[in-house]
Amino acid sequence: MEKDKAAVRVAVERIPDVTGTWFEWVLEGGEILKRLVVEVSFDTDPNSPECRRNVLEAIRDTVIAFLENETTMVVSHLKVIPKGRG
């Protein structure tokens, strides 16, 4: 249900070819950091003809704009993975 998701996840999931999002918690240098993981329906290898650079850029731009302008949430990392590779 969308009301139970962080708004940044909802915004990213509206991008075509995004199949899911979630948060991972990472321990780094004694700190627990929040990583946003975005799953996409295509191969993310830049040499693959299936790679969709425009979608990767849209994900990046959406996350940056949302975090800068729409919320006080802090996300330490953005990770984009092809579906089934989590």
# chains A, B, ... in the order shown; residues from 1 in each chain; ligands from 1
$ residues_around --residues "Lys83 in chain A" --least-positions-apart "4" --cutoff "7 Å" --atoms "only C-alpha atoms" --output "ChimeraX atom specification"
/A:39-41
$ write_last_selection --atoms "C-alpha atoms" --output "CSV table (one decimal), in the first residue's frame"
chain,number,residue,atom,x,y,z
A,39,GLU,CA,15.2,-2.7,-9.0
A,40,VAL,CA,14.8,-2.3,-12.7
A,41,SER,CA,13.6,-4.6,-15.5
$ closest_atom_pairs --of "range 16-80 of chain A" --to "range 2-9 of chain A" --cutoff "12 Å" --atoms "only C-alpha atoms" --output "Markdown table"
| residue | atom | partner | partner_atom | distance |
| --- | --- | --- | --- | --- |
| A:Val18 | CA | A:Arg9 | CA | 10.4 |
| A:Thr19 | CA | A:Arg9 | CA | 11.2 |
| A:Gly20 | CA | A:Arg9 | CA | 8.5 |
| A:Thr21 | CA | A:Arg9 | CA | 6.1 |
| A:Trp22 | CA | A:Arg9 | CA | 7.4 |
| A:Phe23 | CA | A:Arg9 | CA | 9.0 |
| A:Arg35 | CA | A:Arg9 | CA | 11.6 |
| A:Leu36 | CA | A:Arg9 | CA | 8.2 |
| A:Val37 | CA | A:Arg9 | CA | 9.2 |
| A:Val38 | CA | A:Arg9 | CA | 8.5 |
| A:Glu39 | CA | A:Arg9 | CA | 11.2 |
| A:Ile59 | CA | A:Arg9 | CA | 10.4 |
| A:Arg60 | CA | A:Val8 | CA | 11.5 |
| A:Asp61 | CA | A:Val8 | CA | 11.6 |
| A:Thr62 | CA | A:Val8 | CA | 8.2 |
| A:Val63 | CA | A:Val8 | CA | 6.7 |
| A:Ile64 | CA | A:Val8 | CA | 9.6 |
| A:Ala65 | CA | A:Val8 | CA | 9.7 |
| A:Phe66 | CA | A:Val8 | CA | 6.3 |
| A:Leu67 | CA | A:Val8 | CA | 7.4 |
| A:Glu68 | CA | A:Val8 | CA | 10.9 |
| A:Asn69 | CA | A:Val8 | CA | 10.9 |
| A:Glu70 | CA | A:Val8 | CA | 8.5 |
| A:Thr71 | CA | A:Val8 | CA | 8.3 |
| A:Thr72 | CA | A:Val8 | CA | 10.8 |
| A:Met73 | CA | A:Val8 | CA | 8.9 |
| A:Val74 | CA | A:Val8 | CA | 10.7 |
| A:Val75 | CA | A:Val8 | CA | 10.0 |
| A:Leu78 | CA | A:Arg9 | CA | 11.5 |
$ write_last_selection --atoms "C-alpha atoms" --output "short mmCIF file (atom, residue, chain, number, x, y, z; two decimals), in the first residue's frame"
data_model
loop_
_atom_site.label_atom_id
_atom_site.label_comp_id
_atom_site.auth_asym_id
_atom_site.auth_seq_id
_atom_site.Cartn_x
_atom_site.Cartn_y
_atom_site.Cartn_z
CA VAL A 18 11.37 0.33 -12.17
CA THR A 19 10.01 -2.93 -10.75
CA GLY A 20 10.51 -2.32 -7.04
CA THR A 21 12.23 -0.35 -4.29
CA TRP A 22 13.27 -0.98 -0.70
CA PHE A 23 15.65 0.23 1.97
CA ARG A 35 20.50 2.74 1.33
CA LEU A 36 17.70 3.05 -1.22
CA VAL A 37 17.69 0.07 -3.56
CA VAL A 38 15.91 0.37 -6.90
CA GLU A 39 15.18 -2.74 -8.95
CA ILE A 59 16.15 7.46 -11.17
CA ARG A 60 19.16 9.51 -10.08
CA ASP A 61 17.48 12.83 -10.87
CA THR A 62 14.24 11.85 -9.12
CA VAL A 63 15.99 10.71 -5.95
CA ILE A 64 18.23 13.79 -5.76
CA ALA A 65 15.39 16.24 -6.44
CA PHE A 66 13.04 14.51 -4.03
CA LEU A 67 15.56 14.37 -1.19
CA GLU A 68 16.60 17.99 -1.72
CA ASN A 69 13.12 19.47 -2.10
CA GLU A 70 10.41 17.18 -0.73
CA THR A 71 11.63 15.59 2.50
CA THR A 72 14.11 15.78 5.34
CA MET A 73 14.89 12.07 4.94
CA VAL A 74 18.57 11.20 4.60
CA VAL A 75 19.59 8.39 2.26
CA LEU A 78 21.46 4.72 -4.05
#
$ atom_distance --atom1 "CA of Ala58 in chain A" --atom2 "CA of Pro16 in chain A"
9.5 Å
$ residues_around --residues "Thr44 in chain A" --least-positions-apart "3" --cutoff "7 Å" --atoms "only C-alpha atoms" --output "list of chain:residue names"
A:Cys51, A:Ile81, A:Pro82
$ atom_distance --atom1 "CA of Val80 in chain A" --atom2 "CA of Leu56 in chain A"
7.9 Å
$ select_by_dssp --residues "chain A" --states "strand (DSSP E or B)" --output "ChimeraX atom specification"
/A:18-28,31-40,77-82
$ closest_residue --among "A:Ser48, A:Arg53, A:Phe42, A:Glu31" --to "Gly84 in chain A" --atoms "only C-alpha atoms"
A:Phe42
$ select_by_dssp --residues "range 2-78 of chain A" --states "alpha helix (DSSP H)" --output "list in words"
Ala7, Val8, Arg9, Val10, Ala11, Val12, Glu13, Arg53, Asn54, Val55, Leu56, Glu57, Ala58, Ile59, Arg60, Asp61, Thr62, Val63, Ile64, Ala65, Phe66, Leu67, Glu68 and Asn69 of chain A
$ write_last_selection --atoms "N, CA and C atoms" --output "CSV table (one decimal), in the first residue's frame"
chain,number,residue,atom,x,y,z
A,7,ALA,N,7.8,8.4,0.7
A,7,ALA,CA,7.4,9.1,-0.5
A,7,ALA,C,8.4,9.0,-1.6
A,8,VAL,N,9.7,9.0,-1.3
A,8,VAL,CA,10.7,8.9,-2.3
A,8,VAL,C,10.6,7.6,-3.0
A,9,ARG,N,10.2,6.5,-2.4
A,9,ARG,CA,10.0,5.2,-3.0
A,9,ARG,C,8.8,5.3,-4.0
A,10,VAL,N,7.8,5.9,-3.6
A,10,VAL,CA,6.6,6.0,-4.4
A,10,VAL,C,7.0,6.8,-5.7
A,11,ALA,N,7.7,7.9,-5.5
A,11,ALA,CA,8.1,8.7,-6.7
A,11,ALA,C,9.0,7.9,-7.7
A,12,VAL,N,9.9,7.2,-7.2
A,12,VAL,CA,10.8,6.4,-8.0
A,12,VAL,C,10.1,5.3,-8.7
A,13,GLU,N,9.1,4.7,-8.0
A,13,GLU,CA,8.4,3.5,-8.6
A,13,GLU,C,7.5,4.0,-9.8
A,53,ARG,N,20.2,3.9,-20.2
A,53,ARG,CA,20.9,5.0,-19.5
A,53,ARG,C,19.9,6.1,-19.1
A,54,ASN,N,18.9,6.3,-20.0
A,54,ASN,CA,17.9,7.4,-19.7
A,54,ASN,C,17.1,7.1,-18.4
A,55,VAL,N,16.8,5.8,-18.2
A,55,VAL,CA,16.1,5.4,-17.0
A,55,VAL,C,17.0,5.5,-15.7
A,56,LEU,N,18.2,5.1,-15.9
A,56,LEU,CA,19.2,5.3,-14.7
A,56,LEU,C,19.3,6.8,-14.4
A,57,GLU,N,19.4,7.6,-15.4
A,57,GLU,CA,19.5,9.1,-15.1
A,57,GLU,C,18.2,9.6,-14.5
A,58,ALA,N,17.0,9.1,-14.9
A,58,ALA,CA,15.8,9.5,-14.3
A,58,ALA,C,15.7,9.1,-12.9
A,59,ILE,N,16.2,7.9,-12.6
A,59,ILE,CA,16.2,7.5,-11.2
A,59,ILE,C,17.0,8.4,-10.3
A,60,ARG,N,18.2,8.6,-10.8
A,60,ARG,CA,19.2,9.5,-10.1
A,60,ARG,C,18.5,10.9,-9.9
A,61,ASP,N,18.0,11.5,-10.9
A,61,ASP,CA,17.5,12.8,-10.9
A,61,ASP,C,16.3,12.9,-9.9
A,62,THR,N,15.4,11.9,-10.0
A,62,THR,CA,14.2,11.8,-9.1
A,62,THR,C,14.6,11.8,-7.7
A,63,VAL,N,15.6,10.9,-7.3
A,63,VAL,CA,16.0,10.7,-6.0
A,63,VAL,C,16.6,12.0,-5.4
A,64,ILE,N,17.5,12.6,-6.2
A,64,ILE,CA,18.2,13.8,-5.8
A,64,ILE,C,17.2,14.9,-5.6
A,65,ALA,N,16.4,15.1,-6.5
A,65,ALA,CA,15.4,16.2,-6.4
A,65,ALA,C,14.4,16.0,-5.3
A,66,PHE,N,14.0,14.8,-5.1
A,66,PHE,CA,13.0,14.5,-4.0
A,66,PHE,C,13.7,14.7,-2.7
A,67,LEU,N,14.9,14.2,-2.5
A,67,LEU,CA,15.6,14.4,-1.2
A,67,LEU,C,15.9,15.8,-0.9
A,68,GLU,N,16.2,16.6,-1.9
A,68,GLU,CA,16.6,18.0,-1.7
A,68,GLU,C,15.4,18.9,-1.5
A,69,ASN,N,14.3,18.5,-2.1
A,69,ASN,CA,13.1,19.5,-2.1
A,69,ASN,C,11.9,19.0,-1.4
$ atom_distance --atom1 "CA of Ile15 in chain A" --atom2 "CA of Asn47 in chain A"
22.1 Å
$ closest_residue --among "A:Lys79, A:Glu24, A:Gly29, A:Asp17" --to "Arg52 in chain A" --atoms "only C-alpha atoms"
A:Asp17
